[in-house]
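Colleague: What follows is query09.txt, compact mmCIF, C-alpha atoms.
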```
# COMPACT_ATOMS: atom_id res chain seq x y z
CA MET T 180 0.00 0.00 0.00
CA SER T 181 1.10 3.54 -0.68
CA GLY T 182 2.85 4.89 2.37
CA ARG T 183 1.31 8.23 1.49
CA GLU T 184 -2.18 6.80 1.96
CA LEU T 185 -1.29 5.21 5.29
CA ASP T 186 0.42 8.37 6.50
CA ALA T 187 -2.54 10.49 5.42
CA ALA T 188 -4.87 8.21 7.38
CA GLY T 189 -2.64 8.36 10.46
CA ILE T 190 -2.04 4.61 10.46
CA ALA T 191 1.09 3.73 12.43
CA GLY T 192 2.84 0.55 13.48
CA PRO T 193 4.31 -2.01 11.08
CA ALA T 194 1.80 -4.79 11.86
CA LEU T 195 -1.23 -2.57 11.33
CA ARG T 196 0.22 -1.04 8.17
CA ALA T 197 0.92 -4.55 6.85
CA ALA T 198 -2.70 -5.56 7.53
CA TYR T 199 -3.97 -2.61 5.54
CA ALA T 200 -1.52 -3.43 2.75
CA ARG T 201 -2.86 -6.99 2.61
CA CYS T 202 -6.42 -5.69 2.27
CA ARG T 203 -5.38 -3.29 -0.48
CA ALA T 204 -3.75 -6.14 -2.38
CA LEU T 205 -7.00 -8.13 -2.27
CA ASN T 206 -8.91 -5.13 -3.59
CA ALA T 207 -6.43 -4.53 -6.39
CA ARG T 208 -6.38 -8.21 -7.42
CA HIS T 209 -10.07 -9.05 -7.28
CA GLY T 210 -12.03 -5.80 -7.40
CA ARG T 211 -10.55 -4.06 -10.42
CA THR T 212 -13.57 -1.85 -11.10
CA PHE T 213 -14.06 -0.92 -7.46
CA PHE T 214 -10.33 -0.47 -6.90
CA LEU T 215 -10.09 1.97 -9.80
CA ALA T 216 -12.98 4.01 -8.42
CA THR T 217 -11.38 4.02 -4.97
CA ARG T 218 -8.38 5.84 -6.42
CA LEU T 219 -10.66 8.87 -6.76
CA LEU T 220 -11.06 9.20 -2.99
CA PRO T 221 -8.83 11.41 -0.85
CA PRO T 222 -5.78 9.33 0.17
CA SER T 223 -6.76 9.39 3.82
CA ARG T 224 -10.01 7.52 3.08
CA ARG T 225 -8.63 4.79 0.83
CA PRO T 226 -7.14 2.46 3.49
CA ALA T 227 -10.50 2.11 5.24
CA ILE T 228 -12.24 1.23 1.97
CA HIS T 229 -9.55 -1.35 1.24
CA ALA T 230 -9.96 -2.85 4.72
CA LEU T 231 -13.71 -3.29 4.30
CA TYR T 232 -13.29 -4.79 0.84
CA GLY T 233 -10.50 -7.04 2.06
CA PHE T 234 -12.68 -8.48 4.80
CA ALA T 235 -15.54 -9.15 2.40
CA ARG T 236 -13.24 -10.74 -0.16
CA HIS T 237 -11.47 -12.89 2.43
CA ALA T 238 -14.75 -14.25 3.80
CA ASP T 239 -16.15 -14.83 0.32
CA ASP T 240 -13.02 -16.74 -0.70
CA LEU T 241 -13.35 -19.01 2.33
CA VAL T 242 -16.66 -20.16 0.84
CA ASP T 243 -16.04 -20.01 -2.92
CA GLU T 244 -12.34 -20.88 -3.15
CA PRO T 245 -11.73 -23.39 -0.35
CA ALA T 246 -8.89 -25.89 -0.21
CA PRO T 247 -9.81 -29.17 -1.96
CA ASP T 248 -9.89 -31.10 1.32
CA LEU T 249 -12.39 -28.80 3.04
CA ASP T 250 -16.04 -29.85 3.30
CA ALA T 251 -18.95 -27.58 4.22
CA GLY T 252 -18.54 -28.35 7.92
CA ARG T 253 -14.89 -27.31 7.99
CA ILE T 254 -15.60 -24.19 5.93
CA SER T 255 -18.37 -23.29 8.39
CA ALA T 256 -15.90 -23.76 11.25
CA ARG T 257 -13.49 -21.37 9.55
CA LEU T 258 -16.27 -18.80 9.18
CA ASP T 259 -17.08 -19.25 12.88
CA HIS T 260 -13.43 -18.62 13.74
CA LEU T 261 -13.38 -15.53 11.54
CA ALA T 262 -16.57 -14.23 13.16
CA GLY T 263 -15.29 -14.89 16.66
CA THR T 264 -11.94 -13.23 16.04
CA LEU T 265 -13.59 -10.18 14.52
CA ALA T 266 -16.20 -9.90 17.29
CA ALA T 267 -13.49 -10.06 19.95
CA GLY T 268 -11.50 -7.40 18.14
CA LEU T 269 -14.51 -5.12 17.82
CA ARG T 270 -15.17 -5.44 21.57
CA THR T 271 -11.62 -4.50 22.55
CA GLY T 272 -10.63 -2.31 19.60
CA ARG T 273 -7.53 -4.45 19.05
CA CYS T 274 -6.77 -7.50 16.93
CA GLU T 275 -3.60 -9.42 16.11
CA ASP T 276 -4.93 -11.16 12.99
CA PRO T 277 -2.82 -10.14 9.95
CA LEU T 278 -5.91 -9.05 7.99
CA LEU T 279 -8.64 -8.40 10.56
CA ALA T 280 -6.42 -5.92 12.41
CA ALA T 281 -7.15 -3.42 9.62
CA VAL T 282 -10.87 -4.17 9.72
CA VAL T 283 -11.08 -3.68 13.47
CA ASP T 284 -9.08 -0.46 13.23
CA THR T 285 -11.37 0.87 10.49
CA ALA T 286 -14.55 -0.08 12.35
CA THR T 287 -13.24 1.58 15.50
CA ARG T 288 -12.14 4.76 13.73
CA TYR T 289 -15.45 5.23 11.91
CA GLY T 290 -17.88 3.76 14.43
CA ILE T 291 -19.11 1.04 12.08
CA ASP T 292 -21.79 -1.16 13.66
CA GLY T 293 -20.49 -4.66 14.29
CA ALA T 294 -23.93 -6.07 13.44
CA LEU T 295 -23.24 -5.26 9.79
CA PHE T 296 -20.25 -7.61 9.73
CA ALA T 297 -22.32 -10.32 11.43
CA ALA T 298 -25.04 -9.94 8.80
CA PHE T 299 -22.45 -10.29 6.04
CA LEU T 300 -21.11 -13.51 7.52
CA ARG T 301 -24.66 -14.91 7.83
CA SER T 302 -25.07 -14.53 4.09
CA MET T 303 -21.71 -16.17 3.48
CA ARG T 304 -22.91 -19.15 5.51
CA MET T 305 -26.03 -19.35 3.34
CA ASP T 306 -23.79 -20.16 0.37
CA LEU T 307 -22.84 -23.42 2.09
CA THR T 308 -26.40 -24.76 2.00
CA VAL T 309 -28.61 -22.62 -0.27
CA THR T 310 -28.33 -23.21 -4.01
CA GLY T 311 -31.25 -21.15 -5.31
CA TYR T 312 -33.89 -18.60 -4.39
CA PRO T 313 -37.59 -19.09 -5.17
CA THR T 314 -38.53 -15.40 -5.05
CA ARG T 315 -36.95 -11.96 -5.00
CA ALA T 316 -37.94 -11.61 -1.35
CA ALA T 317 -35.91 -14.73 -0.58
CA LEU T 318 -32.97 -13.38 -2.57
CA ARG T 319 -33.18 -10.09 -0.66
CA GLU T 320 -32.55 -12.00 2.57
CA TYR T 321 -29.22 -12.98 1.07
CA THR T 322 -28.34 -9.68 -0.64
CA TYR T 323 -29.03 -7.68 2.52
CA GLY T 324 -26.07 -9.35 4.19
CA SER T 325 -23.93 -9.90 1.12
CA ALA T 326 -24.30 -6.43 -0.41
CA GLU T 327 -26.56 -3.91 1.28
CA VAL T 328 -24.55 -3.95 4.50
CA ILE T 329 -21.42 -3.17 2.46
CA GLY T 330 -23.01 0.11 1.39
CA LEU T 331 -23.90 0.81 5.01
CA GLU T 332 -20.36 0.01 6.19
CA LEU T 333 -18.88 2.39 3.62
CA LEU T 334 -21.17 5.28 4.49
CA PRO T 335 -19.26 6.53 7.58
CA VAL T 336 -16.00 6.42 5.59
CA LEU T 337 -17.42 8.30 2.62
CA GLY T 338 -19.15 10.91 4.78
CA THR T 339 -22.43 12.69 4.14
CA VAL T 340 -23.77 16.24 3.94
CA CYS T 341 -26.90 15.20 5.84
CA ASP T 342 -27.87 13.03 8.77
CA PRO T 343 -26.26 9.69 7.80
CA ALA T 344 -29.59 7.93 8.39
CA GLU T 345 -31.05 9.85 5.45
CA ALA T 346 -28.46 8.32 3.11
CA GLU T 347 -28.73 4.73 4.32
CA THR T 348 -31.53 3.63 1.99
CA ALA T 349 -29.64 4.76 -1.11
CA ALA T 350 -26.34 3.35 0.17
CA ALA T 351 -27.93 -0.06 0.72
CA ALA T 352 -29.58 0.09 -2.72
CA LEU T 353 -26.26 0.79 -4.41
CA GLY T 354 -24.69 -2.22 -2.73
CA GLU T 355 -27.65 -4.32 -3.90
CA ALA T 356 -27.35 -2.96 -7.47
CA PHE T 357 -23.67 -3.89 -7.65
CA GLN T 358 -24.41 -7.38 -6.33
CA LEU T 359 -27.28 -7.96 -8.78
CA THR T 360 -24.97 -6.87 -11.59
CA ASN T 361 -22.40 -9.42 -10.44
CA PHE T 362 -25.10 -12.11 -10.38
CA LEU T 363 -25.96 -11.42 -14.01
CA ARG T 364 -22.32 -11.29 -15.09
CA ASP T 365 -21.45 -14.49 -13.19
CA VAL T 366 -24.39 -16.74 -14.14
CA ALA T 367 -22.03 -19.32 -15.68
CA GLU T 368 -19.54 -19.34 -12.79
CA ASP T 369 -22.33 -19.64 -10.25
CA LEU T 370 -23.89 -22.54 -12.18
CA ASP T 371 -20.51 -24.27 -12.04
CA ARG T 372 -20.68 -23.94 -8.24
CA GLY T 373 -24.21 -25.34 -8.22
CA ARG T 374 -25.91 -22.01 -7.49
CA VAL T 375 -28.41 -19.70 -9.18
CA TYR T 376 -28.83 -16.18 -7.82
CA LEU T 377 -31.77 -15.22 -10.05
CA PRO T 378 -35.30 -15.54 -8.57
CA ALA T 379 -36.83 -18.80 -9.80
CA ASP T 380 -40.36 -17.43 -10.12
CA GLU T 381 -39.20 -14.52 -12.29
CA LEU T 382 -37.28 -16.89 -14.55
CA ALA T 383 -40.26 -19.26 -14.73
CA ALA T 384 -42.40 -16.44 -16.13
CA TYR T 385 -40.26 -16.80 -19.29
CA GLY T 386 -40.15 -20.58 -19.27
CA VAL T 387 -36.65 -20.70 -17.77
CA ASP T 388 -35.43 -22.99 -15.02
CA ARG T 389 -32.09 -24.24 -13.69
CA ASP T 390 -31.98 -27.10 -16.18
CA LEU T 391 -32.34 -24.74 -19.14
CA LEU T 392 -29.64 -22.44 -17.75
CA SER T 393 -27.36 -25.46 -17.38
CA ARG T 394 -27.99 -26.48 -20.97
CA CYS T 395 -27.11 -22.96 -22.11
CA ARG T 396 -23.96 -23.17 -20.04
CA ALA T 397 -23.01 -26.44 -21.72
CA ALA T 398 -23.74 -24.98 -25.17
CA GLY T 399 -21.95 -21.70 -24.44
CA ARG T 400 -24.85 -19.59 -25.65
CA PRO T 401 -28.35 -18.54 -24.51
CA GLU T 402 -31.57 -19.55 -26.16
CA PRO T 403 -34.45 -17.08 -26.78
CA ARG T 404 -36.32 -17.71 -23.53
CA VAL T 405 -33.16 -17.12 -21.53
CA ARG T 406 -32.40 -13.92 -23.42
CA ARG T 407 -35.85 -12.58 -22.55
CA ALA T 408 -35.47 -13.59 -18.92
CA LEU T 409 -32.06 -11.93 -18.65
CA ALA T 410 -33.41 -8.77 -20.30
CA ASP T 411 -36.06 -8.66 -17.58
CA GLN T 412 -33.45 -9.14 -14.86
CA ILE T 413 -31.36 -6.31 -16.30
CA ALA T 414 -34.40 -4.01 -16.31
CA ARG T 415 -35.09 -4.86 -12.67
CA THR T 416 -31.46 -4.21 -11.76
CA ARG T 417 -31.48 -0.83 -13.50
CA ALA T 418 -34.48 0.10 -11.40
CA VAL T 419 -32.36 -0.53 -8.28
CA TYR T 420 -29.64 1.76 -9.69
CA ARG T 421 -32.28 4.46 -10.17
CA ARG T 422 -33.19 4.18 -6.50
CA ALA T 423 -29.55 4.39 -5.49
CA ARG T 424 -28.23 7.24 -7.64
CA PRO T 425 -29.95 10.13 -5.77
CA GLY T 426 -27.90 9.12 -2.74
CA ILE T 427 -24.68 10.22 -4.41
CA ALA T 428 -25.67 13.86 -3.87
CA LEU T 429 -26.00 13.12 -0.14
CA LEU T 430 -22.35 12.09 0.13
CA HIS T 431 -19.49 14.38 1.06
CA PRO T 432 -18.39 16.16 -2.16
CA ALA T 433 -14.93 14.57 -2.05
CA SER T 434 -16.51 11.10 -2.12
CA ARG T 435 -19.01 11.66 -4.92
CA PRO T 436 -16.64 11.15 -7.90
CA CYS T 437 -15.60 7.74 -6.55
CA VAL T 438 -19.14 6.47 -6.04
CA ALA T 439 -20.47 8.01 -9.25
CA THR T 440 -17.67 6.37 -11.24
CA ALA T 441 -18.24 2.98 -9.62
CA CYS T 442 -21.94 3.32 -10.37
CA THR T 443 -21.23 4.11 -14.02
CA LEU T 444 -18.68 1.34 -14.45
CA TYR T 445 -20.91 -1.32 -12.93
CA GLY T 446 -23.84 -0.09 -14.98
CA ARG T 447 -21.76 -0.53 -18.13
CA ILE T 448 -21.50 -4.24 -17.37
CA LEU T 449 -25.25 -4.46 -17.97
CA ASP T 450 -24.75 -2.63 -21.28
CA ARG T 451 -22.06 -5.12 -22.26
CA ILE T 452 -24.33 -8.09 -21.46
CA GLU T 453 -26.95 -6.63 -23.77
CA ALA T 454 -24.39 -5.91 -26.48
CA ARG T 455 -23.28 -9.57 -26.38
CA GLY T 456 -26.82 -10.77 -26.97
CA TYR T 457 -27.21 -11.74 -23.29
CA ASN T 458 -24.54 -14.39 -23.67
CA VAL T 459 -23.22 -14.75 -20.14
CA PHE T 460 -22.34 -18.40 -20.77
CA ALA T 461 -19.23 -18.13 -22.97
CA GLY T 462 -16.92 -16.08 -20.75
CA ARG T 463 -17.14 -13.29 -18.23
CA VAL T 464 -18.56 -10.02 -19.51
CA SER T 465 -16.51 -6.97 -18.52
CA VAL T 466 -15.88 -3.35 -19.34
CA GLY T 467 -12.56 -3.06 -21.16
CA ALA T 468 -9.59 -1.60 -19.33
CA GLY T 469 -9.35 1.25 -21.82
CA ARG T 470 -12.97 2.23 -21.30
CA ARG T 471 -12.58 2.03 -17.53
CA LEU T 472 -9.58 4.36 -17.69
CA VAL T 473 -11.40 6.85 -19.92
CA LEU T 474 -14.35 7.00 -17.54
CA ALA T 475 -12.11 7.23 -14.48
CA GLY T 476 -9.94 9.85 -16.15
CA GLY T 477 -12.87 12.19 -16.53
CA ALA T 478 -13.78 11.67 -12.90
CA VAL T 479 -10.27 12.60 -11.75
CA THR T 480 -10.90 16.21 -12.71
CA HIS T 481 -14.11 16.27 -10.68
CA ALA T 482 -12.37 14.61 -7.73
CA MET T 483 -9.52 17.14 -7.72
CA TRP T 484 -12.00 19.98 -7.99
CA ALA T 485 -14.03 18.62 -5.08
CA ARG T 486 -10.92 18.20 -2.92
CA ALA T 487 -9.81 21.73 -3.69
CA ARG T 488 -13.16 23.18 -2.67
CA THR T 489 -13.84 21.09 0.42
CA PRO T 490 -11.76 19.18 2.96
CA PRO T 491 -12.13 15.40 2.98
CA ALA T 492 -15.00 14.03 5.05
CA GLY T 493 -14.21 14.35 8.72
CA GLU T 494 -11.15 16.55 8.09
CA HIS T 495 -10.51 20.26 8.18
CA PRO T 496 -8.50 22.52 5.92
```
Could you rewrite the structure in this file as structure tokens?
Modeller:
Amino acid sequence: MSGRELDAAGIAGPALRAAYARCRALNARHGRTFFLATRLLPPSRRPAIHALYGFARHADDLVDEPAPDLDAGRISARLDHLAGTLAAGLRTGRCEDPLLAAVVDTATRYGIDGALFAAFLRSMRMDLTVTGYPTRAALREYTYGSAEVIGLELLPVLGTVCDPAEAETAAAALGEAFQLTNFLRDVAEDLDRGRVYLPADELAAYGVDRDLLSRCRAAGRPEPRVRRALADQIARTRAVYRRARPGIALLHPASRPCVATACTLYGRILDRIEARGYNVFAGRVSVGAGRRLVLAGGAVTHAMWARARTPPAGEHP
């Protein structure tokens, strides 16, 4: 991690700085779109964002990328250990774990509610036993913990120009929108893991079920019913983005370019799925690196302008 970022955030001590660096590395490796947007934040805010992402990524990897010899019971035990270590750290404000130390420090600095982390881990545990969701309401039980709480965790770090409670609905919606976008992009990968994160009743309205999705996966292309179902899912996801976007104006001005850029970049994934004829079965859909840089480049000007006009959230000129 950039020493400048750590210094700007007032993070001292080699062990703690190393924990933040580990979280940043996870963000850079796995969250390319989000990591690029994070570069638009004031340096003092970036380590906290990396810490929160690093925790989420680490827990997710315990479930989705386990060692070959680990069964569901042993993975669950690892999640229990993670939850216990984090809870103890949040109670005392100190943690020796080489990754969670940064998470505990961030939560303590920004007063992040520990219940949000617990909700996230509950959703991660659902992935060990739940392979599909019959309705959108059932899916929302999962996405609250897997995505909405991420938006709520980030809110104290990003800062607001209003009572934070007024921005919570939009922050949660943006986390949900990003997650729903990932579900659409990752249909094939999730099928390979035995999971479907699209509401079964909404798919059934177009004559689509898990078996048909699996056949499309095997063929490497969608058939007409699946295209129509995915078009409907994209429309529903865009409606969530529309609920979330007004919340950007409620954020501290220095944080708005970051969140606006992330919102645009994730939204472009939906555009790319459409442009590929809804073929999410023949390789991961993504926004090209060049396009990401062009969009981020324009946001840099806005970010610099915002920093020049106002101090970072929670700081003074």
Colleague: Compare T:Glu381, T:Asp369, T:Asp388, T:Asp243 by their minimum atom-to-atom distance to Arg315 in chain T, counting only C-alpha atoms, and give me the closest one.
Modeller: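 Among the listed residues, T:Glu381 lies closest to Arg315 in chain T.
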Colleague: Can you work out which one of T:Ala267, T:Val405, T:Leu363, T:Leu249 has the shortest atom-to-atom distance to Arg417 in chain T, counting only C-alpha atoms?
Modeller: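 Looking at the shortest contact to Arg417 in chain T, the residue is T:Leu363.
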Colleague: One decimal, Å: what's the distance from CA of Arg196 in chain T over to CA of Pro226 in chain T, could you say?
Modeller: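 One can read the CA of Arg196 in chain T to CA of Pro226 in chain T distance as 9.4 Å.
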Colleague: Do a neighbour search on Arg374 in chain T at 8 Å with only C-alpha atoms, toss out local chain neighbours closer than 4 positions, and write the hits as a list in words.
Modeller: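 So, after excluding close chain neighbours, the residues are Val309, Thr310, Gly311, Asp369 and Leu370 of chain T.
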Colleague: Taking only residues of range 416-440 of chain T that have an atom at most 10 Å from an atom of range 329-339 of chain T, what is each one's shortest atom pair and its distance in Å to one decimal, using only C-alpha atoms, in chain and number order, as JSON lines?
Modeller:
```
{"residue": "T:Gly426", "atom": "CA", "partner": "T:Thr339", "partner_atom": "CA", "distance": 9.5}
{"residue": "T:Ile427", "atom": "CA", "partner": "T:Thr339", "partner_atom": "CA", "distance": 9.2}
{"residue": "T:Ala428", "atom": "CA", "partner": "T:Thr339", "partner_atom": "CA", "distance": 8.7}
{"residue": "T:Leu429", "atom": "CA", "partner": "T:Thr339", "partner_atom": "CA", "distance": 5.6}
{"residue": "T:Leu430", "atom": "CA", "partner": "T:Thr339", "partner_atom": "CA", "distance": 4.1}
{"residue": "T:His431", "atom": "CA", "partner": "T:Thr339", "partner_atom": "CA", "distance": 4.6}
{"residue": "T:Pro432", "atom": "CA", "partner": "T:Thr339", "partner_atom": "CA", "distance": 8.2}
{"residue": "T:Ala433", "atom": "CA", "partner": "T:Leu337", "partner_atom": "CA", "distance": 8.2}
{"residue": "T:Ser434", "atom": "CA", "partner": "T:Leu337", "partner_atom": "CA", "distance": 5.6}
{"residue": "T:Arg435", "atom": "CA", "partner": "T:Leu337", "partner_atom": "CA", "distance": 8.4}
{"residue": "T:Cys437", "atom": "CA", "partner": "T:Leu337", "partner_atom": "CA", "distance": 9.4}
{"residue": "T:Val438", "atom": "CA", "partner": "T:Leu337", "partner_atom": "CA", "distance": 9.0}
```
Colleague: What separation in Å, quoted to one decimal, exists between CA of Arg301 in chain T and CA of Ala326 in chain T?
Modeller: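 CA of Arg301 in chain T sits 11.8 Å away from CA of Ala326 in chain T.
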Colleague: How many Å lie between CA of Ala230 in chain T and CA of Cys202 in chain T, rounded to one decimal?
Modeller: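 Value for the CA of Ala230 in chain T-CA of Cys202 in chain T distance: 5.2 Å.
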Colleague: Need the shell around Ala423 in chain T: protein/DNA/RNA residues with any atom at most 9 Å away, counting only C-alpha atoms. Skip same-chain ones fewer than 2 positions apart. Format as a PyMOL selection string?
Modeller: chain T and resi 348-354+356+418-421+425-427
Colleague: With distances taken over all atoms listed in the file, which of T:Asp292, T:Asp342, T:Glu355, T:Asp365 is nearest to Thr322 in chain T?
Modeller: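 With all atoms listed in the file as the atom set, the closest residue is T:Glu355.
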Colleague: Taking (-22.4, -24.3, -3.3) in the file's coordinates as the center, which residues reach within 7 Å of it, counting all atoms listed in the file, put as a ChimeraX atom specification?
Modeller: /T:306-308,310,372-374
Colleague: Write to file, as a PDB file, keeping the file's coordinate frame, the residues of the selection just made, with C-alpha atoms.
Modeller:
```pdb
ATOM      1  CA  ASP T 306     -23.790 -20.160   0.370  1.00  0.00           C
ATOM      2  CA  LEU T 307     -22.840 -23.420   2.090  1.00  0.00           C
ATOM      3  CA  THR T 308     -26.400 -24.760   2.000  1.00  0.00           C
ATOM      4  CA  THR T 310     -28.330 -23.210  -4.010  1.00  0.00           C
ATOM      5  CA  ARG T 372     -20.680 -23.940  -8.240  1.00  0.00           C
ATOM      6  CA  GLY T 373     -24.210 -25.340  -8.220  1.00  0.00           C
ATOM      7  CA  ARG T 374     -25.910 -22.010  -7.490  1.00  0.00           C
TER       8      ARG T 374
END
```
Colleague: Just the residues within 10 Å of Ala397 in chain T, please, counting all atoms listed in the file, with nothing from its chain fewer than 3 positions along; format it as a count of residues only.
Modeller: 9
